[in-house]
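**Student:** input13.pdb (PDB, C-alpha atoms) pasted underneath:
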MODEL        1
ATOM      1  CA  MET G   1       0.000   0.000   0.000
ATOM      2  CA  ALA G   2       1.375   3.416  -1.000
ATOM      3  CA  GLU G   3       2.219   5.761   1.850
ATOM      4  CA  ASP G   4       0.138   8.923   2.250
ATOM      5  CA  TYR G   5       2.357  12.010   2.052
ATOM      6  CA  SER G   6      -0.492  14.469   1.555
ATOM      7  CA  GLY G   7       0.179  16.158   4.895
ATOM      8  CA  PHE G   8       3.923  16.471   4.368
ATOM      9  CA  PRO G   9       5.601  19.828   3.637
ATOM     10  CA  PRO G  10       5.975  20.525  -0.108
ATOM     11  CA  LEU G  11       9.397  20.176  -1.663
ATOM     12  CA  HIS G  12      11.001  22.478  -4.224
ATOM     13  CA  ILE G  13      13.976  21.353  -6.333
ATOM     14  CA  THR G  14      16.445  23.821  -7.817
ATOM     15  CA  ALA G  15      19.378  23.137 -10.154
ATOM     16  CA  TYR G  16      22.236  25.005 -11.811
ATOM     17  CA  SER G  17      20.479  24.932 -15.193
ATOM     18  CA  ASP G  18      17.477  26.846 -13.785
ATOM     19  CA  PHE G  19      19.400  30.106 -13.959
ATOM     20  CA  TYR G  20      20.769  30.009 -17.513
ATOM     21  CA  ALA G  21      18.803  30.428 -20.737
ATOM     22  CA  GLU G  22      21.839  29.930 -22.987
ATOM     23  CA  PRO G  23      22.563  27.293 -24.039
ATOM     24  CA  ASP G  24      19.242  25.460 -23.887
ATOM     25  CA  PRO G  25      18.962  23.977 -20.363
ATOM     26  CA  LYS G  26      18.251  20.558 -21.890
ATOM     27  CA  VAL G  27      21.928  20.162 -22.763
ATOM     28  CA  TRP G  28      22.848  20.049 -19.063
ATOM     29  CA  GLY G  29      22.662  16.866 -17.019
ATOM     30  CA  ASP G  30      21.238  18.555 -13.931
ATOM     31  CA  TYR G  31      18.199  19.698 -15.952
ATOM     32  CA  TRP G  32      17.285  16.056 -16.506
ATOM     33  CA  LEU G  33      18.210  15.131 -12.951
ATOM     34  CA  LYS G  34      15.717  17.709 -11.679
ATOM     35  CA  GLN G  35      12.998  16.619 -14.107
ATOM     36  CA  LYS G  36      13.336  12.945 -13.278
ATOM     37  CA  LEU G  37      13.516  13.522  -9.530
ATOM     38  CA  SER G  38      10.351  15.628  -9.757
ATOM     39  CA  GLU G  39       8.574  12.910 -11.705
ATOM     40  CA  CYS G  40       9.659  10.282  -9.177
ATOM     41  CA  PHE G  41       8.500  12.301  -6.148
ATOM     42  CA  LYS G  42       5.134  12.745  -7.890
ATOM     43  CA  ARG G  43       4.850   8.984  -8.566
ATOM     44  CA  LEU G  44       5.531   8.304  -4.907
ATOM     45  CA  GLY G  45       2.850  10.816  -3.957
ATOM     46  CA  TYR G  46       5.179  13.323  -2.307
ATOM     47  CA  PRO G  47       3.976  16.934  -2.792
ATOM     48  CA  LEU G  48       6.065  19.428  -4.763
ATOM     49  CA  ALA G  49       5.854  23.141  -4.033
ATOM     50  CA  SER G  50       4.062  25.458  -6.440
ATOM     51  CA  GLY G  51       4.827  28.573  -4.378
ATOM     52  CA  ALA G  52       7.231  29.339  -1.556
ATOM     53  CA  PRO G  53       8.661  25.961  -0.493
ATOM     54  CA  ALA G  54       8.731  24.538   3.004
ATOM     55  CA  ILE G  55      11.679  22.374   1.920
ATOM     56  CA  LEU G  56      14.378  23.212  -0.632
ATOM     57  CA  LEU G  57      16.428  20.499  -2.343
ATOM     58  CA  HIS G  58      19.404  22.225  -3.970
ATOM     59  CA  LEU G  59      21.167  20.178  -6.662
ATOM     60  CA  PHE G  60      24.527  21.841  -6.279
ATOM     61  CA  GLY G  61      26.279  23.311  -9.282
ATOM     62  CA  GLU G  62      27.090  26.638  -7.723
ATOM     63  CA  PRO G  63      26.041  28.526  -4.585
ATOM     64  CA  LEU G  64      22.625  30.192  -4.567
ATOM     65  CA  LEU G  65      22.651  33.939  -4.056
ATOM     66  CA  GLU G  66      19.633  33.673  -1.768
ATOM     67  CA  LEU G  67      17.864  30.737  -0.124
ATOM     68  CA  PRO G  68      14.103  30.697   0.512
ATOM     69  CA  SER G  69      13.142  32.444   3.734
ATOM     70  CA  GLY G  70      12.084  30.031   6.459
ATOM     71  CA  ALA G  71      12.620  26.877   4.390
ATOM     72  CA  TYR G  72      14.309  23.667   5.550
ATOM     73  CA  ASN G  73      17.296  23.536   3.193
ATOM     74  CA  ILE G  74      18.799  20.305   1.850
ATOM     75  CA  LEU G  75      21.945  20.292  -0.297
ATOM     76  CA  TRP G  76      22.787  17.495  -2.721
ATOM     77  CA  LEU G  77      26.446  17.966  -3.599
ATOM     78  CA  HIS G  78      27.165  16.266  -6.921
ATOM     79  CA  SER G  79      29.805  18.525  -8.468
ATOM     80  CA  HIS G  80      32.342  21.295  -7.827
ATOM     81  CA  PRO G  81      33.430  20.266  -4.315
ATOM     82  CA  ASP G  82      36.032  23.059  -4.279
ATOM     83  CA  ARG G  83      33.157  25.547  -4.119
ATOM     84  CA  THR G  84      32.065  24.076  -0.785
ATOM     85  CA  THR G  85      32.862  26.133   2.299
ATOM     86  CA  PRO G  86      31.825  25.965   5.974
ATOM     87  CA  GLU G  87      29.861  29.165   5.370
ATOM     88  CA  LEU G  88      27.928  27.511   2.545
ATOM     89  CA  LEU G  89      27.284  24.353   4.547
ATOM     90  CA  GLY G  90      25.970  26.414   7.445
ATOM     91  CA  LYS G  91      22.963  27.402   5.330
ATOM     92  CA  TYR G  92      21.757  23.795   5.014
ATOM     93  CA  SER G  93      20.290  21.488   7.638
ATOM     94  CA  LYS G  94      21.154  18.331   5.685
ATOM     95  CA  VAL G  95      23.787  17.543   3.051
ATOM     96  CA  PHE G  96      23.795  14.567   0.698
ATOM     97  CA  CYS G  97      26.995  13.925  -1.273
ATOM     98  CA  ILE G  98      27.918  11.533  -4.085
ATOM     99  CA  SER G  99      31.487  10.994  -2.808
ATOM    100  CA  LYS G 100      32.044   8.721   0.173
ATOM    101  CA  THR G 101      35.384  10.300   1.009
ATOM    102  CA  PHE G 102      34.142  13.873   0.701
ATOM    103  CA  THR G 103      31.104  13.018   2.831
ATOM    104  CA  LYS G 104      33.543  12.385   5.679
ATOM    105  CA  LYS G 105      35.172  15.773   5.075
ATOM    106  CA  LEU G 106      31.763  17.438   5.156
ATOM    107  CA  SER G 107      31.024  15.809   8.495
ATOM    108  CA  ALA G 108      34.336  17.073   9.806
ATOM    109  CA  MET G 109      33.264  20.585   8.763
ATOM    110  CA  GLY G 110      30.189  20.220  10.947
ATOM    111  CA  ALA G 111      27.601  19.238   8.333
ATOM    112  CA  ASP G 112      24.953  16.562   8.839
ATOM    113  CA  ALA G 113      26.289  14.711   5.785
ATOM    114  CA  GLU G 114      25.254  11.432   4.169
ATOM    115  CA  PHE G 115      26.455   9.586   1.080
ATOM    116  CA  LEU G 116      23.867   9.404  -1.701
ATOM    117  CA  MET G 117      24.901   8.615  -5.261
ATOM    118  CA  LEU G 118      23.078  10.287  -8.123
ATOM    119  CA  PRO G 119      20.603   7.859  -9.680
ATOM    120  CA  THR G 120      20.201   6.560 -13.204
ATOM    121  CA  ASP G 121      17.051   5.509 -15.030
ATOM    122  CA  MET G 122      18.849   3.860 -17.944
ATOM    123  CA  LYS G 123      18.054   0.234 -18.769
ATOM    124  CA  PRO G 124      20.319  -2.368 -20.424
ATOM    125  CA  LEU G 125      19.837  -2.800 -24.148
ATOM    126  CA  ALA G 126      21.243  -5.326 -26.597
ATOM    127  CA  ARG G 127      22.360  -3.359 -29.657
ATOM    128  CA  GLU G 128      24.688  -3.879 -32.591
ATOM    129  CA  LYS G 129      27.895  -1.914 -32.099
ATOM    130  CA  ILE G 130      27.585   0.648 -34.880
ATOM    131  CA  TYR G 131      29.924   3.236 -33.293
ATOM    132  CA  ASP G 132      33.580   2.893 -32.344
ATOM    133  CA  ILE G 133      34.056   5.762 -29.869
ATOM    134  CA  VAL G 134      31.391   8.192 -28.679
ATOM    135  CA  PHE G 135      31.332  11.102 -26.265
ATOM    136  CA  VAL G 136      28.304  13.057 -25.017
ATOM    137  CA  GLY G 137      29.113  16.236 -23.110
ATOM    138  CA  ASN G 138      29.556  19.969 -23.450
ATOM    139  CA  THR G 139      32.752  21.926 -23.840
ATOM    140  CA  ARG G 140      33.845  24.291 -21.098
ATOM    141  CA  GLN G 141      34.093  27.884 -22.273
ATOM    142  CA  ASN G 142      34.576  26.646 -25.845
ATOM    143  CA  ALA G 143      37.837  24.917 -24.930
ATOM    144  CA  VAL G 144      38.722  21.487 -26.235
ATOM    145  CA  ARG G 145      38.956  19.950 -22.783
ATOM    146  CA  LYS G 146      42.705  20.374 -22.888
ATOM    147  CA  VAL G 147      43.613  22.501 -19.870
ATOM    148  CA  ILE G 148      45.541  20.524 -17.281
ATOM    149  CA  GLY G 149      43.287  20.096 -14.287
ATOM    150  CA  ASP G 150      40.161  20.412 -16.435
ATOM    151  CA  MET G 151      38.129  17.976 -18.515
ATOM    152  CA  LYS G 152      40.498  16.736 -21.198
ATOM    153  CA  VAL G 153      39.713  13.247 -22.497
ATOM    154  CA  ILE G 154      39.193  14.429 -26.098
ATOM    155  CA  ALA G 155      42.556  16.185 -26.195
ATOM    156  CA  ASP G 156      44.251  13.232 -24.454
ATOM    157  CA  MET G 157      42.864  10.859 -27.067
ATOM    158  CA  GLY G 158      44.392  12.710 -30.020
ATOM    159  CA  ASP G 159      43.660  10.927 -33.304
ATOM    160  CA  PRO G 160      42.896   7.360 -32.185
ATOM    161  CA  GLY G 161      42.635   5.876 -35.670
ATOM    162  CA  PHE G 162      39.006   4.857 -35.043
ATOM    163  CA  THR G 163      35.677   6.487 -35.865
ATOM    164  CA  VAL G 164      34.763   9.131 -33.266
ATOM    165  CA  LYS G 165      31.354  10.776 -32.793
ATOM    166  CA  ILE G 166      30.808  13.640 -30.327
ATOM    167  CA  TRP G 167      27.524  15.228 -29.255
ATOM    168  CA  GLY G 168      27.407  18.356 -27.114
ATOM    169  CA  TRP G 169      27.211  22.126 -26.954
ATOM    170  CA  GLY G 170      30.211  24.142 -28.118
ATOM    171  CA  TRP G 171      32.120  21.520 -30.105
ATOM    172  CA  LYS G 172      31.461  22.695 -33.662
ATOM    173  CA  GLY G 173      34.654  24.102 -35.148
ATOM    174  CA  LEU G 174      36.837  22.787 -32.309
ATOM    175  CA  ILE G 175      37.073  19.177 -33.476
ATOM    176  CA  PRO G 176      37.369  17.535 -36.902
ATOM    177  CA  ASP G 177      34.126  17.984 -38.854
ATOM    178  CA  GLY G 178      33.695  14.232 -39.140
ATOM    179  CA  TRP G 179      33.666  13.865 -35.357
ATOM    180  CA  TYR G 180      30.909  16.391 -34.730
ATOM    181  CA  ALA G 181      27.559  14.602 -34.529
ATOM    182  CA  GLY G 182      25.357  17.371 -33.130
ATOM    183  CA  GLY G 183      24.805  19.824 -30.303
ATOM    184  CA  TYR G 184      22.349  17.604 -28.450
ATOM    185  CA  TYR G 185      21.424  13.923 -28.202
ATOM    186  CA  GLU G 186      17.887  13.208 -27.020
ATOM    187  CA  ASN G 187      18.069  12.238 -23.353
ATOM    188  CA  SER G 188      15.362   9.570 -23.578
ATOM    189  CA  ARG G 189      17.408   7.716 -26.210
ATOM    190  CA  LEU G 190      20.849   7.938 -24.630
ATOM    191  CA  ASN G 191      20.802   4.306 -23.545
ATOM    192  CA  GLU G 192      20.402   3.322 -27.207
ATOM    193  CA  LEU G 193      23.500   5.324 -28.108
ATOM    194  CA  TYR G 194      25.561   3.995 -25.203
ATOM    195  CA  ALA G 195      24.582   0.402 -25.964
ATOM    196  CA  SER G 196      25.454   0.886 -29.652
ATOM    197  CA  ALA G 197      29.038   2.025 -29.020
ATOM    198  CA  LYS G 198      32.102  -0.079 -28.429
ATOM    199  CA  ILE G 199      33.584   2.608 -26.175
ATOM    200  CA  VAL G 200      32.001   5.607 -24.434
ATOM    201  CA  LEU G 201      34.466   8.241 -23.204
ATOM    202  CA  ASN G 202      34.074  10.118 -19.936
ATOM    203  CA  ASP G 203      36.042  12.691 -17.942
ATOM    204  CA  HIS G 204      35.843  14.813 -14.798
ATOM    205  CA  HIS G 205      36.762  18.205 -13.416
ATOM    206  CA  ASP G 206      40.021  18.182 -11.486
ATOM    207  CA  ASP G 207      38.342  18.731  -8.101
ATOM    208  CA  MET G 208      35.874  15.909  -8.814
ATOM    209  CA  ARG G 209      38.730  13.519  -9.598
ATOM    210  CA  ARG G 210      40.600  14.504  -6.468
ATOM    211  CA  GLU G 211      37.604  14.277  -4.132
ATOM    212  CA  GLY G 212      36.037  11.089  -5.503
ATOM    213  CA  PHE G 213      33.030  12.558  -7.373
ATOM    214  CA  ILE G 214      31.999  10.142 -10.124
ATOM    215  CA  ASN G 215      30.306  11.710 -13.143
ATOM    216  CA  PRO G 216      26.720  10.361 -13.297
ATOM    217  CA  ARG G 217      27.273   9.779 -17.019
ATOM    218  CA  VAL G 218      29.320   6.735 -15.969
ATOM    219  CA  LEU G 219      26.312   5.135 -14.268
ATOM    220  CA  ASP G 220      24.091   5.955 -17.261
ATOM    221  CA  VAL G 221      26.485   4.192 -19.643
ATOM    222  CA  LEU G 222      26.939   1.150 -17.411
ATOM    223  CA  ALA G 223      23.203   0.814 -16.752
ATOM    224  CA  SER G 224      22.655   0.880 -20.536
ATOM    225  CA  GLY G 225      25.036  -2.028 -20.995
ATOM    226  CA  GLY G 226      27.809   0.168 -22.387
ATOM    227  CA  PHE G 227      31.562   0.189 -21.824
ATOM    228  CA  VAL G 228      33.280   3.230 -20.281
ATOM    229  CA  VAL G 229      36.815   4.523 -20.587
ATOM    230  CA  SER G 230      37.372   7.399 -18.156
ATOM    231  CA  ASP G 231      40.043   9.410 -16.440
ATOM    232  CA  ARG G 232      40.832   7.935 -13.034
ATOM    233  CA  VAL G 233      38.877   9.186 -10.028
ATOM    234  CA  PHE G 234      39.760   8.551  -6.411
ATOM    235  CA  GLY G 235      37.663   5.624  -5.160
ATOM    236  CA  LEU G 236      36.275   4.804  -8.617
ATOM    237  CA  ASP G 237      37.042   1.082  -8.621
ATOM    238  CA  GLU G 238      35.710   0.637  -5.094
ATOM    239  CA  THR G 239      32.423   2.361  -5.896
ATOM    240  CA  LEU G 240      31.789   0.632  -9.229
ATOM    241  CA  GLU G 241      33.347  -2.763  -8.539
ATOM    242  CA  ALA G 242      36.143  -2.143 -11.088
ATOM    243  CA  GLY G 243      33.423  -1.838 -13.725
ATOM    244  CA  ILE G 244      35.165   0.606 -16.070
ATOM    245  CA  ALA G 245      38.572   1.039 -17.689
ATOM    246  CA  SER G 246      40.403   4.122 -16.413
ATOM    247  CA  TYR G 247      43.569   5.986 -17.368
ATOM    248  CA  GLU G 248      45.961   8.604 -16.006
ATOM    249  CA  THR G 249      48.111   9.559 -18.997
ATOM    250  CA  PRO G 250      47.349  10.142 -22.701
ATOM    251  CA  GLU G 251      49.579   7.187 -23.552
ATOM    252  CA  GLU G 252      47.586   4.935 -21.231
ATOM    253  CA  LEU G 253      44.314   6.155 -22.772
ATOM    254  CA  LYS G 254      45.482   5.402 -26.309
ATOM    255  CA  SER G 255      46.614   1.953 -25.200
ATOM    256  CA  LEU G 256      43.205   1.225 -23.651
ATOM    257  CA  LEU G 257      41.372   2.259 -26.814
ATOM    258  CA  VAL G 258      43.480  -0.074 -28.937
ATOM    259  CA  LYS G 259      43.165  -2.880 -26.402
ATOM    260  CA  TYR G 260      39.378  -2.842 -26.075
ATOM    261  CA  MET G 261      38.230  -1.701 -29.493
ATOM    262  CA  ASN G 262      37.971  -5.189 -30.961
ATOM    263  CA  ASP G 263      37.802  -7.353 -27.836
ATOM    264  CA  ASP G 264      34.083  -7.782 -27.120
ATOM    265  CA  GLU G 265      34.659 -10.410 -24.462
ATOM    266  CA  ALA G 266      37.053  -8.240 -22.460
ATOM    267  CA  ARG G 267      34.739  -5.215 -22.666
ATOM    268  CA  ASP G 268      31.738  -7.234 -21.502
ATOM    269  CA  ALA G 269      33.647  -8.763 -18.592
ATOM    270  CA  ILE G 270      34.412  -5.305 -17.223
ATOM    271  CA  SER G 271      31.156  -3.480 -17.990
ATOM    272  CA  ASN G 272      28.999  -6.268 -16.543
ATOM    273  CA  LYS G 273      30.692  -5.728 -13.181
ATOM    274  CA  GLY G 274      29.737  -2.074 -13.165
ATOM    275  CA  MET G 275      26.254  -2.554 -14.615
ATOM    276  CA  GLU G 276      24.970  -4.466 -11.610
ATOM    277  CA  THR G 277      26.099  -1.701  -9.245
ATOM    278  CA  ALA G 278      24.816   1.107 -11.488
ATOM    279  CA  LEU G 279      21.334  -0.435 -11.691
ATOM    280  CA  GLU G 280      21.060  -0.313  -7.894
ATOM    281  CA  HIS G 281      21.103   3.494  -7.918
ATOM    282  CA  THR G 282      17.515   4.154  -8.977
ATOM    283  CA  PHE G 283      15.508   7.373  -8.744
ATOM    284  CA  GLU G 284      13.013   5.706  -6.441
ATOM    285  CA  ARG G 285      15.777   4.659  -4.071
ATOM    286  CA  ALA G 286      17.165   8.219  -4.008
ATOM    287  CA  CYS G 287      13.765   9.848  -3.482
ATOM    288  CA  ARG G 288      12.871   7.442  -0.702
ATOM    289  CA  THR G 289      16.166   8.235   1.032
ATOM    290  CA  ILE G 290      15.358  11.955   0.941
ATOM    291  CA  ILE G 291      11.781  11.336   2.114
ATOM    292  CA  ALA G 292      13.085   9.168   4.954
ATOM    293  CA  HIS G 293      15.229  12.087   6.129
ATOM    294  CA  ILE G 294      12.265  14.469   5.993
ATOM    295  CA  LYS G 295      10.223  11.987   8.037
ATOM    296  CA  SER G 296      13.040  11.726  10.588
ATOM    297  CA  VAL G 297      13.088  15.476  11.270
ATOM    298  CA  ARG G 298       9.382  16.090  10.976
ATOM    299  CA  GLY G 299       8.152  17.313  14.325
ATOM    300  CA  ARG G 300      11.639  18.313  15.451
ATOM    301  CA  ALA G 301      11.612  21.254  13.072
ATOM    302  CA  SER G 302       8.555  23.335  13.912
ATOM    303  CA  PHE G 303       7.697  24.282  10.308
ATOM    304  CA  LEU G 304       7.785  20.646   9.197
TER     305      LEU G 304
ENDMDL
END
Take the structure in this file and express it as structure tokens.

**Tutor:**
Amino acid sequence: MAEDYSGFPPLHITAYSDFYAEPDPKVWGDYWLKQKLSECFKRLGYPLASGAPAILLHLFGEPLLELPSGAYNILWLHSHPDRTTPELLGKYSKVFCISKTFTKKLSAMGADAEFLMLPTDMKPLAREKIYDIVFVGNTRQNAVRKVIGDMKVIADMGDPGFTVKIWGWGWKGLIPDGWYAGGYYENSRLNELYASAKIVLNDHHDDMRREGFINPRVLDVLASGGFVVSDRVFGLDETLEAGIASYETPEELKSLLVKYMNDDEARDAISNKGMETALEHTFERACRTIIAHIKSVRGRASFL
């Protein structure tokens, strides 16, 4: 029997993409994270705020200039850990974080912090491998992901000698014309793309690598039945059961691409390890974790 949340305080979700009209918000992952979380809360029967919220769930991309007056503020830290300060944390009553190691640091800074990985709604698909190497992601400030300490897998790869297709905002004119596949790939069909590629590339911001923040794209690819090659992140193998191939140097990346391009058995052996773990991180599981916290403080906080 479904639980009745009709008397619970309404929840409002805010994300980085809410504040930018250019490019189209749909090109950003947190836009879809917000949409899918909202849909899941609605399915579970939890009320979402139409006006001033009693509870704010902030999907952290950057600090908010102003938080709702009188609201119970929850932070979900999924990127840019270097932007986190004790002053910022002091504005939130609860902090969820996608890095196990950084969750401990947050607790040491005085936050009520709890590990909660971002979810995926991708499902495994059996597809013919029609792509060699694909990448879905936006450039940063129209740079070809080449600055040391920034996202750089495309620059590290160089010319791999295989077919490459890249979707994302800002790439046109920065990569070979034959690589550019479009500014946007429909989110609802991403699992088809990931399952149809031999290798899906991924990378991280420098602070995410250092602090153990795994890009949610990795879980999406694994849950789709795809194979990931990514830059190495602290704690990556532990979190995903050694379910991806990772590199530290451009030479190591090029070696991995050659190694796995035509070895279906080796790719499957690795990706199957990560797929089982990725499929555990569902939207329902995440929403129920957040609801469980709200239930635990209800009555202790007067406005809840």

**Student:** For the provided coordinates, the residues matched by the PyMOL selection byres ((chain G and resi 160-163) around 8) should be stated as a list of chain:residue names.

**Tutor:**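 Output of the PyMOL selection byres ((chain G and resi 160-163) around 8): G:Tyr131, G:Asp132, G:Ile133, G:Met157, G:Gly158, G:Asp159, G:Val164, G:Lys165, G:Trp179, G:Lys254, G:Leu257.
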
**Student:** For the structure shown, which residues end up in the PyMOL selection byres ((chain G and resi 168) around 7)? Put them as a list in words, please?

**Tutor:**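 Selection result, ordered by chain and number: Val136, Gly137, Asn138, Ile166, Trp167, Trp169, Gly170, Trp171, Gly182, Gly183 and Tyr184 of chain G.
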
**Student:** Out of G:His281, G:Arg288, G:Lys105, G:Arg209, which residue has the shortest atom-to-atom distance to Leu118 of chain G when counting all atoms listed in the file?

**Tutor:** G:His281

**Student:** So that I can see what lies close to segment 82-86 of chain G, please list as number ranges by chain the residues with an atom at most 7 Å from it, counting all atoms listed in the file and leaving out residues fewer than 2 positions away in the same chain.

**Tutor:** G: 80, 88-90, 109, 207

**Student:** For a test of reading the model, state the distance in Å between atom CA of Tyr180 of chain G and atom CA of Asp268 of chain G, rounded to one decimal.

**Tutor:**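 That distance, rounded to one decimal, is 27.1 Å.
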
**Student:** Between G:Glu238, G:Asp220, G:Glu192, G:Asp206, single out the one closest to Thr120 of chain G, counting all atoms listed in the file.

**Tutor:**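 Of all the options, G:Asp220 lies closest to Thr120 of chain G.
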
**Student:** Env of Tyr247 of chain G: 7 Å cut, atoms = all atoms listed in the file, seq-sep filter 3 positions within chain, self excluded. Answer as a PDB file with C-alpha atoms, keeping the file's coordinate frame.

**Tutor:**
ATOM      1  CA  SER G 230      37.372   7.399 -18.156  1.00  0.00           C
ATOM      2  CA  ASP G 231      40.043   9.410 -16.440  1.00  0.00           C
ATOM      3  CA  ARG G 232      40.832   7.935 -13.034  1.00  0.00           C
ATOM      4  CA  GLU G 252      47.586   4.935 -21.231  1.00  0.00           C
ATOM      5  CA  LEU G 253      44.314   6.155 -22.772  1.00  0.00           C
TER       6      LEU G 253
END

**Student:** When the PyMOL selection byres ((chain G and resi 196) around 6) is applied to the structure above, which residues does it catch, written out as a PDB file with C-alpha atoms, in the coordinates of the input?

**Tutor:**
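Listed below is the output, result01.pdb:
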ATOM      1  CA  ARG G 127      22.360  -3.359 -29.657  1.00  0.00           C
ATOM      2  CA  GLU G 128      24.688  -3.879 -32.591  1.00  0.00           C
ATOM      3  CA  LYS G 129      27.895  -1.914 -32.099  1.00  0.00           C
ATOM      4  CA  ILE G 130      27.585   0.648 -34.880  1.00  0.00           C
ATOM      5  CA  LEU G 193      23.500   5.324 -28.108  1.00  0.00           C
ATOM      6  CA  TYR G 194      25.561   3.995 -25.203  1.00  0.00           C
ATOM      7  CA  ALA G 195      24.582   0.402 -25.964  1.00  0.00           C
ATOM      8  CA  ALA G 197      29.038   2.025 -29.020  1.00  0.00           C
TER       9      ALA G 197
END

**Student:** Kindly give the distance, in Å, that separates atom CA of Val221 of chain G and atom CA of Gly45 of chain G, rounded to a single decimal.

**Tutor:**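 Taking atom CA of Val221 of chain G and atom CA of Gly45 of chain G, their separation equals 29.1 Å.
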
**Student:** Go ahead and compute the interatomic distance for atom CA of Ile214 of chain G and atom CA of Ile291 of chain G, in Å to one decimal.

**Tutor:**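 Computed distance, atom CA of Ile214 of chain G to atom CA of Ile291 of chain G, equals 23.7 Å.
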
**Student:** Any idea what's packed within 10 Å of Asp264 of chain G, counting all atoms listed in the file, ignoring anything in its chain fewer than 3 positions away? Could you give it as a list in words?

**Tutor:**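 Within the cut-off, the hits are Lys129, Lys198, Phe227, Tyr260, Met261, Arg267, Asp268 and Ala269 of chain G.
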
**Student:** Mind working out the centre and edge lengths of an axis-aligned box for segment 245-262 of chain G, all listed atoms inside, 6 Å added to each side, rounded to one decimal in Å and written as JSON?

**Tutor:**
{"center_x": 43.8, "center_y": 2.5, "center_z": -23.5, "size_x": 23.6, "size_y": 27.3, "size_z": 27.0}

**Student:** Counting all atoms listed in the file, find residues at most 6 Å from (18.5, 23.4, -7.8) (file frame) and give them as a PDB file with C-alpha atoms, in the coordinates of the input.

**Tutor:**
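Output file out.pdb is given in full below:
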ATOM      1  CA  ILE G  13      13.976  21.353  -6.333  1.00  0.00           C
ATOM      2  CA  THR G  14      16.445  23.821  -7.817  1.00  0.00           C
ATOM      3  CA  ALA G  15      19.378  23.137 -10.154  1.00  0.00           C
ATOM      4  CA  TYR G  16      22.236  25.005 -11.811  1.00  0.00           C
ATOM      5  CA  HIS G  58      19.404  22.225  -3.970  1.00  0.00           C
ATOM      6  CA  LEU G  59      21.167  20.178  -6.662  1.00  0.00           C
TER       7      LEU G  59
END

**Student:** Rank G:Tyr46, G:Thr139, G:Leu116, G:Ala54 by their smallest atom-to-atom distance to Ala2 of chain G, using all atoms listed in the file, and report the top residue only.

**Tutor:**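 Of all the options, G:Tyr46 lies closest to Ala2 of chain G.
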
**Student:** May I ask you to restore N, CA and C atoms in segment 193-206 of chain G and write the result as a CSV table (one decimal), keeping the file's coordinate frame?

**Tutor:**
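Once written, result_26.csv looks like this:
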chain,number,residue,atom,x,y,z
G,193,LEU,N,22.2,4.9,-27.6
G,193,LEU,CA,23.5,5.3,-28.1
G,193,LEU,C,24.6,4.6,-27.3
G,194,TYR,N,24.5,4.6,-26.0
G,194,TYR,CA,25.6,4.0,-25.2
G,194,TYR,C,25.7,2.5,-25.5
G,195,ALA,N,24.6,1.8,-25.7
G,195,ALA,CA,24.6,0.4,-26.0
G,195,ALA,C,25.1,0.1,-27.4
G,196,SER,N,25.1,1.1,-28.3
G,196,SER,CA,25.5,0.9,-29.7
G,196,SER,C,26.9,1.2,-29.9
G,197,ALA,N,27.6,1.6,-28.9
G,197,ALA,CA,29.0,2.0,-29.0
G,197,ALA,C,30.0,1.0,-28.4
G,198,LYS,N,31.1,0.8,-29.0
G,198,LYS,CA,32.1,-0.1,-28.4
G,198,LYS,C,32.7,0.6,-27.2
G,199,ILE,N,33.0,1.9,-27.3
G,199,ILE,CA,33.6,2.6,-26.2
G,199,ILE,C,32.9,4.0,-26.0
G,200,VAL,N,32.5,4.3,-24.8
G,200,VAL,CA,32.0,5.6,-24.4
G,200,VAL,C,33.0,6.3,-23.5
G,201,LEU,N,33.5,7.5,-24.0
G,201,LEU,CA,34.5,8.2,-23.2
G,201,LEU,C,33.8,9.1,-22.1
G,202,ASN,N,34.5,9.3,-21.0
G,202,ASN,CA,34.1,10.1,-19.9
G,202,ASN,C,35.3,10.8,-19.3
G,203,ASP,N,35.0,12.0,-18.7
G,203,ASP,CA,36.0,12.7,-17.9
G,203,ASP,C,35.4,13.5,-16.8
G,204,HIS,N,36.3,14.1,-16.0
G,204,HIS,CA,35.8,14.8,-14.8
G,204,HIS,C,36.6,16.1,-14.6
G,205,HIS,N,36.0,17.1,-13.9
G,205,HIS,CA,36.8,18.2,-13.4
G,205,HIS,C,37.9,17.7,-12.4
G,206,ASP,N,38.9,18.5,-12.3
G,206,ASP,CA,40.0,18.2,-11.5
G,206,ASP,C,39.6,18.0,-10.0
